[in-house]
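S.K.: The structure that follows is given in the form of structure tokens.
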Amino acid sequence: MKEGKNFKVLGVRQSLIGDCIMSLPVLQFVEKRRPNSYKYWHVAKKCSQSAPLFYNHPLIDKIVITDCEEGFGPKDIELAKQCDFVFNTTPQHPFGECWHDHRNMLQETWVMAGIDLKEFEALTEEEKTPSLTKWFNTNRESNTIAVHCFAGYGRDNHRSPSKEWWAELIELLTKQGFKVIRLGHPKEPELTKCNDLRHLSFLEQIQIALGCDMYIGTDSGFSLVMGAYSHPQITLLTNWNVNHFQNPTCLQPINKNNISLFNEFIKGGCSGISKDKVLENIKNLL
């Protein structure tokens with residue numbers, strides 16, 4: 001343990017990459033309450049591919065991968081016993097309410113972590129913003145757009161535009177002179193007329209996306225990671241959650257360089273988002 005760091009904290013979220021990103025500002029709260037505390041960053045083995053993203057974060061002292069796929073294995077339990085404070089790293093949403101109508105993802109993360117929202121509001125805007133350190137090099141390539149087409153590894157069709165929608169957008173981008181780089185999971189639907197790099201590791205895909213002029217994606221963990229690097233991006237949103245009628249941008253990345261485009265789920269969801277609107281906002285970002 002680093003000298004002078006006598007108060008040990010284990011947290012904050014472990015089970016989903018996007019949730020881990022949204023919980024980064026909680027570290028600011030911990031540091032304010034317990035200055036110079038030693039912070040273990042608990043990452044579930046099932047999403048251990050995201051662990052390198054958190055290297056060199058100024059408020060993370062050690063990254064710990066769970067010794068089971070998710071939750072607390074024997075080694076995790078032993079580590080928790082050695083800590084002075086342990087967050088519930090696999091919390092549930094408060095029962096009986098649709099949080100999407102009332103809070104954004106950052107605020108919901110605080111509620112699930114058991115912290116009063118007043119503590120969240122006391123942070124500066126910079127402290128509220130999830131931020132990652134780009135410790136790696138990226139190869140810059142001009143006239144390129146990275147796309148991550150489907151949330152939930154292609155299983156959650158209600159969260160993403162259709163395969164046909166993406167095919168039409170990619171064709172439009174290609175005609176405008178852009179090289180389209182396709183990222184995501186190998187099991188997602190196939191698309192043509194793009195440079196398909198889904199076979200690469202999660203970190204390699206992030207590095208490539210950061211080398212592109214901009215990124216287009218849905219409300220996925222990948223998009224939240226890109227937001228934490230403040231990369232220019234367009235996020236395609238719809239209110240796909242049950243009883244979600246208000247607060248349409250609650251799932252968007254916390255990124256000053258993001259433009260969110262929304263279409264109601266009952267009116268076609270993300271597939272109803274105008275591709276001309278996407279092209280218009282690419283010009284705004286670039």
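Residue numbering restarts at 1 in every chain; chains get A, B, ... in the order shown in the structure tokens, and ligands count up from 1 in that same order.
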Write down as a ChimeraX atom specification the residues belonging to stretch 28-276 of chain A that are assigned strand (DSSP E) by DSSP computed on the backbone.
M.R.: /A:38-43,62-65,85-86,144-148,179-183,195-196,214-217,233-237,258-262
S.K.: Keeping only C-alpha atoms, write those residues as a PDB file, in the first residue's frame.
M.R.:
```
ATOM      1  CA  TYR A  38      -6.529   3.679  -0.963  1.00  0.00           C
ATOM      2  CA  LYS A  39      -9.109   2.753  -3.586  1.00  0.00           C
ATOM      3  CA  TYR A  40      -9.547  -0.729  -5.040  1.00  0.00           C
ATOM      4  CA  TRP A  41     -11.434  -0.719  -8.359  1.00  0.00           C
ATOM      5  CA  HIS A  42     -13.516  -3.887  -8.524  1.00  0.00           C
ATOM      6  CA  VAL A  43     -14.156  -5.224 -12.060  1.00  0.00           C
ATOM      7  CA  LYS A  62      -5.361  -0.923  -7.710  1.00  0.00           C
ATOM      8  CA  ILE A  63      -7.633  -2.687 -10.193  1.00  0.00           C
ATOM      9  CA  VAL A  64      -9.017  -5.988  -8.893  1.00  0.00           C
ATOM     10  CA  ILE A  65     -10.656  -8.569 -11.171  1.00  0.00           C
ATOM     11  CA  PHE A  85     -15.499   0.611   3.465  1.00  0.00           C
ATOM     12  CA  VAL A  86     -17.035  -1.603   0.775  1.00  0.00           C
ATOM     13  CA  THR A 144     -12.805   8.181 -40.918  1.00  0.00           C
ATOM     14  CA  ILE A 145     -15.917   7.492 -38.869  1.00  0.00           C
ATOM     15  CA  ALA A 146     -16.132   4.634 -36.379  1.00  0.00           C
ATOM     16  CA  VAL A 147     -19.535   3.024 -35.865  1.00  0.00           C
ATOM     17  CA  HIS A 148     -20.657   0.671 -33.101  1.00  0.00           C
ATOM     18  CA  LYS A 179     -14.013   5.514 -44.560  1.00  0.00           C
ATOM     19  CA  VAL A 180     -16.381   3.698 -42.206  1.00  0.00           C
ATOM     20  CA  ILE A 181     -14.809   1.482 -39.547  1.00  0.00           C
ATOM     21  CA  ARG A 182     -17.182  -1.013 -38.007  1.00  0.00           C
ATOM     22  CA  LEU A 183     -16.639  -2.006 -34.368  1.00  0.00           C
ATOM     23  CA  ASN A 195     -13.949  -1.919 -42.715  1.00  0.00           C
ATOM     24  CA  ASP A 196     -15.059  -4.573 -40.221  1.00  0.00           C
ATOM     25  CA  MET A 214     -15.669  10.841 -34.832  1.00  0.00           C
ATOM     26  CA  TYR A 215     -17.807   7.973 -33.578  1.00  0.00           C
ATOM     27  CA  ILE A 216     -21.481   6.995 -33.982  1.00  0.00           C
ATOM     28  CA  GLY A 217     -23.152   4.564 -31.589  1.00  0.00           C
ATOM     29  CA  GLN A 233     -19.633  11.387 -31.102  1.00  0.00           C
ATOM     30  CA  ILE A 234     -23.266  11.044 -32.145  1.00  0.00           C
ATOM     31  CA  THR A 235     -25.449   8.888 -29.894  1.00  0.00           C
ATOM     32  CA  LEU A 236     -28.657   7.310 -31.204  1.00  0.00           C
ATOM     33  CA  LEU A 237     -31.310   7.068 -28.496  1.00  0.00           C
ATOM     34  CA  ASN A 258     -21.603  14.467 -27.949  1.00  0.00           C
ATOM     35  CA  ILE A 259     -24.754  15.140 -29.973  1.00  0.00           C
ATOM     36  CA  SER A 260     -27.694  12.893 -29.094  1.00  0.00           C
ATOM     37  CA  LEU A 261     -30.429  12.134 -31.627  1.00  0.00           C
ATOM     38  CA  PHE A 262     -33.682  10.735 -30.229  1.00  0.00           C
TER      39      PHE A 262
END
```
S.K.: Give me the residues near A:Pro248 as a list in words, where near means some atom within 9 Å (using only C-alpha atoms) and where sequence neighbours in that chain fewer than 3 positions away do not count.
M.R.: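 So, after excluding close chain neighbours, the residues are His100, Asp101, Leu237, Thr238, Asn239, His244, Phe245, Leu251, Gln252, Phe262, Asn263 and Glu264 of chain A.
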S.K.: Restrict the selected residues to N, CA, C and O atoms and save them as an mmCIF file, in the first residue's frame.
M.R.:
```cif
data_model
loop_
_atom_site.group_PDB
_atom_site.id
_atom_site.type_symbol
_atom_site.label_atom_id
_atom_site.label_comp_id
_atom_site.auth_asym_id
_atom_site.auth_seq_id
_atom_site.Cartn_x
_atom_site.Cartn_y
_atom_site.Cartn_z
ATOM 1 N N HIS A 100 -35.592 6.316 -15.142
ATOM 2 C CA HIS A 100 -35.270 7.021 -16.379
ATOM 3 C C HIS A 100 -36.024 8.342 -16.514
ATOM 4 O O HIS A 100 -35.537 9.275 -17.142
ATOM 5 N N ASP A 101 -37.217 8.411 -15.930
ATOM 6 C CA ASP A 101 -38.015 9.630 -16.030
ATOM 7 C C ASP A 101 -37.506 10.749 -15.122
ATOM 8 O O ASP A 101 -37.865 11.914 -15.327
ATOM 9 N N LEU A 237 -30.560 7.420 -29.695
ATOM 10 C CA LEU A 237 -31.310 7.068 -28.496
ATOM 11 C C LEU A 237 -32.790 6.835 -28.782
ATOM 12 O O LEU A 237 -33.364 7.451 -29.683
ATOM 13 N N THR A 238 -33.392 5.973 -27.959
ATOM 14 C CA THR A 238 -34.835 5.822 -27.921
ATOM 15 C C THR A 238 -35.237 5.432 -26.504
ATOM 16 O O THR A 238 -34.401 4.977 -25.718
ATOM 17 N N ASN A 239 -36.504 5.618 -26.169
ATOM 18 C CA ASN A 239 -36.989 5.286 -24.818
ATOM 19 C C ASN A 239 -37.487 3.839 -24.792
ATOM 20 O O ASN A 239 -38.672 3.560 -24.673
ATOM 21 N N HIS A 244 -40.874 4.378 -19.713
ATOM 22 C CA HIS A 244 -39.982 5.532 -19.846
ATOM 23 C C HIS A 244 -40.626 6.521 -20.821
ATOM 24 O O HIS A 244 -40.637 6.307 -22.027
ATOM 25 N N PHE A 245 -41.158 7.631 -20.267
ATOM 26 C CA PHE A 245 -41.898 8.593 -21.083
ATOM 27 C C PHE A 245 -41.280 9.990 -21.086
ATOM 28 O O PHE A 245 -41.612 10.811 -21.933
ATOM 29 N N LEU A 251 -29.852 8.364 -21.007
ATOM 30 C CA LEU A 251 -28.870 7.314 -21.284
ATOM 31 C C LEU A 251 -27.686 7.802 -22.123
ATOM 32 O O LEU A 251 -26.852 7.001 -22.528
ATOM 33 N N GLN A 252 -27.607 9.089 -22.366
ATOM 34 C CA GLN A 252 -26.546 9.592 -23.228
ATOM 35 C C GLN A 252 -25.210 9.687 -22.491
ATOM 36 O O GLN A 252 -25.164 9.795 -21.259
ATOM 37 N N PHE A 262 -32.668 11.560 -30.888
ATOM 38 C CA PHE A 262 -33.682 10.735 -30.229
ATOM 39 C C PHE A 262 -34.912 10.548 -31.105
ATOM 40 O O PHE A 262 -35.342 11.477 -31.793
ATOM 41 N N ASN A 263 -35.467 9.348 -31.067
ATOM 42 C CA ASN A 263 -36.763 9.088 -31.688
ATOM 43 C C ASN A 263 -37.552 8.154 -30.779
ATOM 44 O O ASN A 263 -37.002 7.180 -30.239
ATOM 45 N N GLU A 264 -38.828 8.451 -30.583
ATOM 46 C CA GLU A 264 -39.654 7.652 -29.671
ATOM 47 C C GLU A 264 -39.732 6.189 -30.110
ATOM 48 O O GLU A 264 -39.801 5.886 -31.297
#
```
S.K.: How far is it from atom CA of A:Thr249 to atom CA of A:Thr218, in Å with one decimal?
M.R.: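 Between atom CA of A:Thr249 and atom CA of A:Thr218 the gap is 11.7 Å.
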S.K.: From the list A:Asp276, A:Glu125, A:Glu204, A:Asp76, which residue is nearest A:Pro52 when using only C-alpha atoms?
M.R.: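 The answer is A:Glu204, which sits nearest to A:Pro52.
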S.K.: For the alpha helix (DSSP H) assignment from backbone DSSP, which residues of stretch 146-276 of chain A qualify? Please present them as a count of residues only.
M.R.: 33
S.K.: Name the closest residue to A:Ile21 among the candidates A:Met226, A:Asn284, A:Gly71, A:Ser162; distances are taken between atoms, counting only C-alpha atoms.
M.R.: A:Met226
S.K.: Can you tell me, as a ChimeraX atom specification, what residues are no more than 6 Å from A:Thr66 when counting only C-alpha atoms, ignoring any on the same chain fewer than 2 positions away?
M.R.: /A:44-45,68
S.K.: What does the distance between atom CA of A:Gln92 and atom CA of A:Gly114 come to in Å, to one decimal place?
M.R.: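 Here the two named atoms are 10.9 Å from each other.
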S.K.: Taking 5 positions as the minimum chain separation for residues in the same chain, which residues sit within 8 Å of A:Ser50 when counting only C-alpha atoms? Answer as a PyMOL selection string.
M.R.: chain A and resi 17+202-203
S.K.: Applying 10 Å and only C-alpha atoms, which residues near A:Leu24 remain after dropping the ones on its own chain fewer than 4 positions away? List them as a ChimeraX atom specification.
M.R.: /A:11-13,19-20,28-29,41,54,57,59-60,106,109,127-132,228
S.K.: Report as a PyMOL selection string all protein, DNA and RNA residues lying within 7 Å of A:His185, evaluated on only C-alpha atoms, omitting residues in the same chain fewer than 3 positions from it.
M.R.: chain A and resi 153+188+198
S.K.: Select, from A:Thr89, A:Asn56, A:Lys118, A:Pro35, the residue with the minimum atom-to-atom distance to A:Phe72, counting only C-alpha atoms.
M.R.: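 Among A:Thr89, A:Asn56, A:Lys118, A:Pro35, it is A:Thr89 that comes nearest to A:Phe72.
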S.K.: Quick one: of A:Cys98, A:Ala80, A:Leu123, A:Cys270, who's nearest to A:Trp165, counting only C-alpha atoms?
M.R.: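 Looking only at the distances to A:Trp165, the closest residue turns out to be A:Cys270.
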S.K.: When distances are computed from only C-alpha atoms, which of A:Leu27, A:Ser160, A:Arg155, A:Cys149 shows the smallest separation from A:Glu190?
M.R.: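 Among A:Leu27, A:Ser160, A:Arg155, A:Cys149, it is A:Cys149 that comes nearest to A:Glu190.
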